[in-house]
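Colleague: What follows is the file query00.cif, containing mmCIF, C-alpha atoms:
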data_entry
#
loop_
_atom_site.label_atom_id
_atom_site.label_comp_id
_atom_site.auth_asym_id
_atom_site.auth_seq_id
_atom_site.Cartn_x
_atom_site.Cartn_y
_atom_site.Cartn_z
CA MET A 22 12.82 13.75 -36.33
CA LEU A 23 15.35 13.23 -39.11
CA LEU A 24 18.63 15.08 -38.61
CA ASP A 25 20.51 16.67 -41.48
CA HIS A 26 23.82 15.06 -42.35
CA SER A 27 25.39 18.43 -41.51
CA ASP A 28 24.15 17.97 -37.90
CA ILE A 29 26.16 14.76 -37.52
CA GLN A 30 29.69 15.28 -36.23
CA THR A 31 30.40 11.58 -35.58
CA LYS A 32 30.60 10.81 -39.27
CA GLU A 33 31.14 7.05 -38.95
CA VAL A 34 27.41 6.47 -38.36
CA LEU A 35 26.60 7.79 -41.83
CA ASN A 36 27.95 4.46 -43.14
CA TRP A 37 25.97 2.23 -40.78
CA LYS A 38 23.57 -0.18 -42.44
CA GLY A 39 20.30 -1.58 -41.12
CA PHE A 40 18.44 -0.54 -37.98
CA ASN A 41 20.93 0.62 -35.33
CA LEU A 42 19.51 1.58 -31.95
CA LEU A 43 21.52 3.64 -29.47
CA HIS A 44 19.71 3.14 -26.17
CA PHE A 45 19.90 2.51 -22.43
CA ALA A 46 18.24 -0.44 -20.70
CA GLY A 47 16.51 1.63 -18.01
CA SER A 48 15.46 4.57 -20.16
CA ALA A 49 11.67 4.78 -20.46
CA CYS A 50 11.84 6.08 -24.04
CA SER A 51 14.32 3.34 -24.96
CA GLN A 52 12.04 0.70 -23.45
CA LYS A 53 9.13 2.05 -25.47
CA LEU A 54 11.08 1.85 -28.72
CA ARG A 55 12.41 -1.65 -28.03
CA ILE A 56 8.88 -2.95 -27.41
CA PHE A 57 7.79 -1.31 -30.65
CA LEU A 58 10.59 -3.07 -32.55
CA ASN A 59 9.68 -6.37 -30.88
CA LEU A 60 6.07 -6.07 -32.02
CA LYS A 61 7.19 -5.08 -35.50
CA GLU A 62 9.50 -8.14 -35.57
CA ILE A 63 12.36 -5.99 -36.86
CA ASP A 64 15.95 -7.12 -36.42
CA TRP A 65 18.11 -4.34 -35.02
CA ILE A 66 21.68 -3.75 -33.92
CA SER A 67 22.18 -2.67 -30.29
CA HIS A 68 24.52 0.14 -29.23
CA HIS A 69 24.14 0.52 -25.48
CA ILE A 70 24.71 4.02 -24.11
CA ASP A 71 25.31 3.67 -20.37
CA LEU A 72 23.64 6.64 -18.68
CA THR A 73 25.05 5.56 -15.30
CA LYS A 74 28.51 6.29 -16.74
CA ASN A 75 27.33 9.53 -18.36
CA GLU A 76 28.10 8.20 -21.83
CA GLN A 77 25.33 10.44 -23.20
CA PHE A 78 27.67 13.38 -22.57
CA ASP A 79 30.58 11.92 -24.56
CA SER A 80 31.50 13.97 -27.62
CA TRP A 81 31.10 10.79 -29.69
CA TYR A 82 27.43 10.50 -28.74
CA LEU A 83 26.70 14.23 -28.81
CA GLY A 84 28.11 14.13 -32.33
CA ILE A 85 25.24 11.78 -33.23
CA ASN A 86 22.46 13.23 -31.07
CA PRO A 87 23.24 16.84 -30.05
CA ARG A 88 20.51 16.69 -27.38
CA GLY A 89 22.39 13.94 -25.58
CA LEU A 90 19.24 11.90 -25.08
CA VAL A 91 18.39 8.27 -25.77
CA PRO A 92 17.21 6.59 -27.85
CA THR A 93 18.64 7.44 -31.26
CA LEU A 94 17.98 5.42 -34.40
CA VAL A 95 20.49 5.22 -37.23
CA HIS A 96 18.86 3.56 -40.23
CA ASN A 97 21.05 3.12 -43.28
CA GLY A 98 23.11 6.16 -42.37
CA ASN A 99 20.16 8.43 -41.52
CA VAL A 100 19.87 9.62 -37.92
CA HIS A 101 16.47 9.90 -36.23
CA ILE A 102 15.85 11.26 -32.73
CA GLU A 103 12.86 11.48 -30.34
CA SER A 104 11.19 8.13 -29.66
CA ASN A 105 7.68 8.97 -30.89
CA ASP A 106 9.05 10.42 -34.14
CA ILE A 107 11.29 7.38 -34.55
CA MET A 108 8.34 5.01 -34.21
CA GLN A 109 6.33 6.96 -36.77
CA TYR A 110 9.27 6.73 -39.16
CA ILE A 111 9.63 2.98 -38.65
CA GLU A 112 5.91 2.53 -39.26
CA SER A 113 6.29 4.38 -42.58
CA VAL A 114 8.97 1.96 -43.82
CA ASN A 115 7.60 -1.25 -42.29
CA THR A 116 3.86 -1.85 -42.48
CA ASP A 117 3.87 -5.62 -41.92
CA VAL A 118 2.47 -5.06 -38.43
CA VAL A 119 0.28 -1.95 -38.21
CA LEU A 120 0.59 -0.03 -34.95
CA PHE A 121 -0.37 3.41 -36.31
CA PRO A 122 -3.72 2.67 -38.04
CA ASN A 123 -4.38 5.49 -40.51
CA GLU A 124 -8.05 5.86 -39.65
CA TYR A 125 -7.09 6.84 -36.07
CA ILE A 126 -3.93 8.81 -36.84
CA ASN A 127 -5.17 12.15 -35.47
CA GLU A 128 -6.24 10.59 -32.18
CA ILE A 129 -2.93 8.70 -31.98
CA ILE A 130 -0.81 11.81 -32.54
CA GLU A 131 -2.81 13.76 -29.97
CA SER A 132 -2.47 11.02 -27.37
CA LEU A 133 1.27 10.56 -28.03
CA GLU A 134 1.83 14.29 -27.65
CA TYR A 135 -0.08 14.21 -24.37
CA GLU A 136 1.93 11.24 -23.12
CA ASP A 137 5.15 12.97 -24.16
CA SER A 138 4.12 16.15 -22.30
CA LEU A 139 4.26 14.10 -19.08
CA HIS A 140 7.91 13.16 -19.59
CA ILE A 141 9.25 15.65 -17.04
CA ASP A 142 6.62 14.43 -14.58
CA LEU A 143 7.77 10.87 -15.16
CA ARG A 144 11.37 11.94 -14.59
CA THR A 145 10.36 13.79 -11.43
CA LEU A 146 8.79 10.70 -9.87
CA THR A 147 11.67 8.49 -11.06
CA PHE A 148 14.37 10.62 -9.49
CA ARG A 149 12.50 11.05 -6.24
CA PHE A 150 11.28 7.50 -5.57
CA ILE A 151 13.38 5.14 -7.68
CA VAL A 152 16.84 6.69 -8.12
CA PRO A 153 18.40 8.31 -5.02
CA HIS A 154 19.53 11.91 -5.42
CA LYS A 155 23.18 11.08 -4.83
CA LEU A 156 23.19 8.55 -7.66
CA GLY A 157 20.89 10.42 -10.01
CA LYS A 158 22.38 13.89 -10.06
CA LYS A 159 24.45 14.90 -13.08
CA ASP A 160 27.97 16.27 -12.82
CA LEU A 161 27.87 20.06 -13.22
CA LYS A 162 31.03 20.03 -15.34
CA LEU A 163 29.42 17.60 -17.78
CA LEU A 164 26.27 19.73 -17.89
CA ASP A 165 28.38 22.77 -18.70
CA GLU A 166 30.15 20.85 -21.46
CA LYS A 167 26.81 19.84 -22.93
CA GLU A 168 25.58 23.43 -22.69
CA ASN A 169 28.66 24.63 -24.59
CA PHE A 170 28.52 21.88 -27.22
CA LYS A 171 27.77 23.51 -30.58
CA GLY A 172 25.44 20.90 -32.00
CA THR A 173 22.58 21.59 -34.38
CA ILE A 174 19.17 20.06 -35.01
CA GLN A 175 18.18 20.27 -38.68
CA GLY A 176 20.75 23.02 -39.15
CA ASP A 177 19.67 25.18 -36.19
CA LEU A 178 20.87 25.43 -32.60
CA ASP A 179 18.76 23.23 -30.33
CA ARG A 180 16.16 25.28 -28.48
CA ASN A 181 15.19 22.37 -26.20
CA LYS A 182 18.67 21.74 -24.81
CA GLN A 183 18.57 24.49 -22.18
CA LYS A 184 15.36 23.10 -20.67
CA GLU A 185 17.13 19.78 -20.05
CA ILE A 186 20.21 21.45 -18.59
CA ASP A 187 18.13 23.68 -16.30
CA PHE A 188 16.24 20.64 -14.97
CA TRP A 189 19.42 18.76 -14.08
CA LYS A 190 21.15 21.77 -12.55
CA GLN A 191 18.11 22.39 -10.36
CA HIS A 192 18.03 18.68 -9.47
CA TYR A 193 21.73 18.77 -8.56
CA LYS A 194 21.16 21.60 -6.08
CA ASN A 195 17.77 20.75 -4.59
CA GLY A 196 16.81 17.22 -5.60
CA ILE A 197 13.07 16.75 -6.20
CA THR A 198 10.82 18.78 -3.89
CA ASP A 199 7.45 17.75 -2.47
CA ASP A 200 5.79 20.48 -4.53
CA GLN A 201 7.24 18.98 -7.71
CA VAL A 202 6.04 15.53 -6.66
CA ILE A 203 2.51 16.74 -5.98
CA LYS A 204 2.31 18.58 -9.29
CA SER A 205 3.63 15.62 -11.30
CA ALA A 206 1.45 13.05 -9.51
CA ASN A 207 -1.65 15.18 -10.06
CA ASN A 208 -0.83 15.44 -13.76
CA PHE A 209 -0.75 11.65 -13.92
CA ILE A 210 -3.99 11.37 -11.96
CA VAL A 211 -5.71 13.42 -14.69
CA ALA A 212 -4.15 11.24 -17.40
CA LEU A 213 -5.10 7.96 -15.71
CA ASP A 214 -8.68 9.09 -15.17
CA LYS A 215 -8.95 9.52 -18.94
CA LEU A 216 -7.34 6.15 -19.68
CA GLU A 217 -9.58 4.37 -17.18
CA LYS A 218 -12.65 5.58 -19.07
CA LYS A 219 -11.22 4.47 -22.41
CA LEU A 220 -10.39 1.01 -21.10
CA CYS A 221 -13.91 0.69 -19.77
CA GLU A 222 -15.07 0.69 -23.39
CA ASN A 223 -12.24 -1.16 -25.18
CA LYS A 224 -9.80 -4.02 -24.67
CA TYR A 225 -6.94 -1.71 -25.60
CA ILE A 226 -6.61 2.07 -25.38
CA LEU A 227 -7.52 2.87 -28.98
CA ASN A 228 -10.01 0.09 -29.66
CA ASP A 229 -9.94 -3.71 -29.45
CA ASN A 230 -6.62 -3.92 -31.28
CA LEU A 231 -3.14 -3.34 -29.90
CA SER A 232 -1.60 -0.04 -31.05
CA ILE A 233 1.28 2.31 -30.37
CA LEU A 234 -0.79 3.95 -27.62
CA ASP A 235 -0.67 0.78 -25.54
CA ILE A 236 3.12 0.69 -25.80
CA ALA A 237 3.58 4.34 -24.88
CA TRP A 238 1.20 4.35 -21.91
CA PHE A 239 2.38 0.92 -20.69
CA ILE A 240 5.88 2.34 -20.21
CA SER A 241 4.71 5.42 -18.31
CA ILE A 242 2.37 3.44 -16.09
CA ASN A 243 4.98 0.79 -15.39
CA ARG A 244 7.35 3.50 -14.21
CA ILE A 245 4.89 5.28 -11.93
CA ILE A 246 3.83 1.94 -10.40
CA ILE A 247 7.49 1.31 -9.53
CA ALA A 248 7.60 4.80 -8.02
CA GLY A 249 4.70 3.88 -5.73
CA PHE A 250 1.66 5.19 -7.60
CA PRO A 251 -1.33 3.13 -6.30
CA VAL A 252 -2.72 2.24 -9.73
CA LYS A 253 -4.18 -1.12 -8.73
CA TYR A 254 -6.30 0.39 -5.95
CA HIS A 255 -7.89 3.19 -7.98
CA TYR A 256 -7.96 2.06 -11.61
CA PRO A 257 -9.32 -1.49 -12.08
CA ASN A 258 -9.49 -1.27 -15.89
CA ILE A 259 -5.92 -0.01 -16.15
CA LYS A 260 -4.83 -2.72 -13.71
CA ALA A 261 -6.37 -5.49 -15.88
CA TRP A 262 -4.94 -3.96 -19.09
CA PHE A 263 -1.50 -3.58 -17.53
CA GLN A 264 -1.46 -7.16 -16.26
CA MET A 265 -2.47 -8.40 -19.73
CA LEU A 266 0.42 -6.56 -21.40
CA SER A 267 2.86 -7.55 -18.65
CA SER A 268 2.17 -11.21 -19.41
CA ASP A 269 3.49 -10.64 -22.97
CA LYS A 270 7.26 -11.24 -23.04
CA ARG A 271 7.66 -8.71 -25.82
CA PHE A 272 6.69 -6.12 -23.23
CA SER A 273 7.90 -7.57 -19.93
CA ARG A 274 11.47 -8.35 -20.94
CA GLU A 275 12.13 -4.72 -21.88
CA VAL A 276 11.16 -3.31 -18.48
CA LYS A 277 12.78 -5.97 -16.35
CA GLY A 278 15.15 -4.33 -13.88
CA ASN A 279 18.55 -5.68 -12.91
CA MET A 280 19.54 -6.73 -9.39
CA PRO A 281 21.57 -3.62 -8.46
CA LEU A 282 18.66 -1.36 -9.44
CA PHE A 283 16.26 -3.61 -7.51
CA ILE A 284 18.40 -3.29 -4.37
CA ILE A 285 18.78 0.49 -4.76
CA LYS A 286 15.08 1.03 -5.35
CA ASN A 287 14.03 -1.12 -2.41
CA THR A 288 16.58 0.44 -0.07
CA LEU A 289 15.25 3.88 -0.99
CA GLY A 290 11.72 2.55 -0.54
CA LEU A 291 12.48 1.36 3.00
CA TYR A 292 14.03 4.72 3.86
CA ASN A 293 10.96 6.56 2.57
CA PHE A 294 8.67 4.15 4.43
CA PHE A 295 10.25 4.81 7.82
CA LYS A 296 10.55 8.55 7.13
CA LYS A 297 6.96 8.67 5.82
CA ARG A 298 8.28 10.09 2.54
CA ARG A 299 6.59 7.67 0.14
CA LEU A 300 4.55 8.95 -2.78
CA ILE A 301 1.33 7.97 -0.99
CA ASP A 302 2.49 9.95 2.08
CA ILE A 303 2.93 13.12 0.02
CA VAL A 304 0.04 12.99 -2.45
CA LYS A 305 -3.65 12.60 -1.70
CA PHE A 306 -5.09 9.88 -3.95
#
Once more with this new file: its structure as structure tokens, please.

Modeller:
Amino acid sequence: MLLDHSDIQTKEVLNWKGFNLLHFAGSACSQKLRIFLNLKEIDWISHHIDLTKNEQFDSWYLGINPRGLVPTLVHNGNVHIESNDIMQYIESVNTDVVLFPNEYINEIIESLEYEDSLHIDLRTLTFRFIVPHKLGKKDLKLLDEKENFKGTIQGDLDRNKQKEIDFWKQHYKNGITDDQVIKSANNFIVALDKLEKKLCENKYILNDNLSILDIAWFISINRIIIAGFPVKYHYPNIKAWFQMLSSDKRFSREVKGNMPLFIIKNTLGLYNFFKKRRLIDIVKF
């Protein structure tokens, strides 16, 4: 989605040249876009937005992306938001490596929209089984500031912002409930059943050639595996496909966690193991 120049309050970015990516290392959507850029062999300038320090709530960043989400692409002074839209834009200006083949464009758009519809489910599993509640909850004051920020998307007030704020306020008060976990896991079970059938027929999700669909679903599946989803026991075709992509450094280096996150995740995992609060203890697979 291309923002209007009138939407941009941090005016300095209007003078930026080249491909500038505002992103966070551990953000699933940022990981997806970085892999896409790797495969496209595009040189880009990194601007790291540290979500652990709540930099997405800074007025400087909200003045670029009023939704306060990562990633954001600034290309020659034009600001693009939403990872799937950004990738479609990049494909339109760089066709050296084709990842959105025109003959499959309708199927691609449909699948990307489906994958995107699972974003809240992905977040639910992340903030229950990977990031402890105490570390993951957002400061209510910052959420209120974001709610009151008068940013626009293509000239209009953002209708999606309240959904984000409501999620984080609910998470602050209650964390992630078992009912939310069950619902989100079941949504992924449906999605993986469909992917398993596709990968029974093809090397990659779309056909026998790598496409944007492999990038998008690789990121989601990588995340739910980390959360404890037993993919390798129930989906042999997805397991083989995932291992193939994981062996490609253009993919693996973008999802590699750092040591503090590794320690936090494993400490939470041990706690859930002894309390019988793992994903496989809550959901029937």

Colleague: Take the PyMOL selection byres ((chain A and resi 185-201) around 8), run it mentally on this structure, and tell me the resulting residues as a list in words.

Modeller: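 In the shown coordinates, the PyMOL selection byres ((chain A and resi 185-201) around 8) covers Thr145, Phe148, Arg149, His154, Lys158, Lys159, Asp160, Leu161, Leu164, Glu168, Asn181, Lys182, Gln183, Lys184, Val202, Ile203, Lys204, Ser205 and Ile303 of chain A.
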
Colleague: I'd like the contact shell of Gln175 (chain A) - 8 Å cut-off, only C-alpha atoms, skipping same-chain residues fewer than 3 positions apart - returned as a ChimeraX atom specification.

Modeller: /A:23-25,27-28

Colleague: I need the residue set behind the PyMOL selection byres ((chain A and resi 235) around 10) for this file; please write it as a JSON list (two decimals) with C-alpha atoms, in the coordinates of the input.

Modeller:
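Final file, part.json:
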[["chain", "number", "residue", "atom", "x", "y", "z"],
["A", 53, "LYS", "CA", 9.13, 2.05, -25.47],
["A", 120, "LEU", "CA", 0.59, -0.03, -34.95],
["A", 225, "TYR", "CA", -6.94, -1.71, -25.60],
["A", 226, "ILE", "CA", -6.61, 2.07, -25.38],
["A", 227, "LEU", "CA", -7.52, 2.87, -28.98],
["A", 230, "ASN", "CA", -6.62, -3.92, -31.28],
["A", 231, "LEU", "CA", -3.14, -3.34, -29.90],
["A", 232, "SER", "CA", -1.60, -0.04, -31.05],
["A", 233, "ILE", "CA", 1.28, 2.31, -30.37],
["A", 234, "LEU", "CA", -0.79, 3.95, -27.62],
["A", 236, "ILE", "CA", 3.12, 0.69, -25.80],
["A", 237, "ALA", "CA", 3.58, 4.34, -24.88],
["A", 238, "TRP", "CA", 1.20, 4.35, -21.91],
["A", 239, "PHE", "CA", 2.38, 0.92, -20.69],
["A", 240, "ILE", "CA", 5.88, 2.34, -20.21],
["A", 262, "TRP", "CA", -4.94, -3.96, -19.09],
["A", 263, "PHE", "CA", -1.50, -3.58, -17.53],
["A", 266, "LEU", "CA", 0.42, -6.56, -21.40]]

Colleague: Which residues, named as in the file, does the PyMOL selection byres ((chain A and resi 29-35) around 9) pick out? Answer as a list of chain:residue names.

Modeller: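 For this structure, the PyMOL selection byres ((chain A and resi 29-35) around 9) captures A:Leu24, A:Asp25, A:His26, A:Ser27, A:Asp28, A:Asn36, A:Trp37, A:Lys38, A:Ser80, A:Trp81, A:Tyr82, A:Leu83, A:Gly84, A:Ile85, A:Asn86, A:Pro87, A:Val95, A:His96, A:Asn97, A:Gly98, A:Asn99, A:Val100, A:Gly172, A:Thr173.
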
Colleague: Sorted by chain and rising residue number, which residues of region 133-246 of chain A lie within 9 Å of region 286-298 of chain A, and what are their closest atom pairs and distances in Å to one decimal, counting only C-alpha atoms, as a Markdown table?

Modeller:
| residue | atom | partner | partner_atom | distance |
| --- | --- | --- | --- | --- |
| A:Phe150 | CA | A:Leu289 | CA | 7.1 |
| A:Ile151 | CA | A:Lys286 | CA | 5.0 |
| A:Val152 | CA | A:Lys286 | CA | 6.5 |
| A:Pro153 | CA | A:Leu289 | CA | 6.8 |

Colleague: Write a file of the selected residues as a PDB file, in the frame of the given file, keeping C-alpha atoms.

Modeller:
ATOM      1  CA  PHE A 150      11.280   7.500  -5.570  1.00  0.00           C
ATOM      2  CA  ILE A 151      13.380   5.140  -7.680  1.00  0.00           C
ATOM      3  CA  VAL A 152      16.840   6.690  -8.120  1.00  0.00           C
ATOM      4  CA  PRO A 153      18.400   8.310  -5.020  1.00  0.00           C
TER       5      PRO A 153
END

Colleague: Which value, in Å to one decimal, gives the distance between CA of Leu216 (chain A) and CA of Ile259 (chain A)?

Modeller: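 Straight-line distance from CA of Leu216 (chain A) to CA of Ile259 (chain A) works out to 7.2 Å.
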
Colleague: Work out how far apart CA of Cys50 (chain A) and CA of Ser104 (chain A) are and give it in Å to one decimal.

Modeller: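 Computing it gives 6.0 Å between the two atoms.
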
Colleague: Hey, could you make a per-residue contact list for region 115-200 of chain A against region 54-67 of chain A with 10 Å as the cut-off, showing the nearest pair of atoms and its distance in Å to one decimal, counting all atoms listed in the file, sorted by chain and number, as a tab-separated table?

Modeller:
residue	atom	partner	partner_atom	distance
A:Asn115	CA	A:Lys61	CA	7.8
A:Thr116	CA	A:Lys61	CA	8.4
A:Asp117	CA	A:Lys61	CA	7.2
A:Val118	CA	A:Lys61	CA	5.6
A:Val119	CA	A:Lys61	CA	8.1
A:Leu120	CA	A:Lys61	CA	8.3

Colleague: Hey, can you check how far CA of Asp106 (chain A) sits from CA of Leu143 (chain A)?

Modeller: 19.0 Å

Colleague: When distances are computed from only C-alpha atoms, which of A:Ser138, A:Ile129, A:Gln109, A:Arg144 shows the smallest separation from Gly157 (chain A)?

Modeller: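 When distances to Gly157 (chain A) are compared using only C-alpha atoms, the smallest one comes from A:Arg144.
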
Colleague: Between A:Leu72, A:Ile111, A:Leu156, A:Met22, which one has atoms that come closest to Gly39 (chain A), using only C-alpha atoms?

Modeller: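 Smallest separation from Gly39 (chain A) among the options: A:Ile111.
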
Colleague: Select, from A:Cys221, A:Lys277, A:Leu146, A:Ile245, the residue with the minimum atom-to-atom distance to Asn258 (chain A), counting only C-alpha atoms.

Modeller: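 Closest to Asn258 (chain A) of all the choices is A:Cys221.
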
Colleague: Counting all atoms listed in the file, which residue out of A:His68, A:Lys74, A:His44, A:Arg271 sits closest to Pro92 (chain A)?

Modeller: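 Counting all atoms listed in the file, the residue closest to Pro92 (chain A) is A:His44.
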
Colleague: Please give the centre and size of the box around region 275-294 of chain A (axis-aligned, containing every atom listed in the file, 6 Å added per side), with values in Å to one decimal and written as JSON.

Modeller:
{"center_x": 15.1, "center_y": -0.1, "center_z": -8.7, "size_x": 24.9, "size_y": 25.3, "size_z": 38.3}

Colleague: Select, from A:Ser113, A:Gln52, A:Asn169, A:Thr73, the residue with the minimum atom-to-atom distance to Phe272 (chain A), counting all atoms listed in the file.

Modeller: A:Gln52

Colleague: Identify which of the residues A:Val252, A:Glu166, A:Glu128, A:Phe45 lies closest to Asp79 (chain A), counting all atoms listed in the file when measuring atom-to-atom distances.

Modeller: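 Among the listed residues, the smallest separation from Asp79 (chain A) belongs to A:Glu166.
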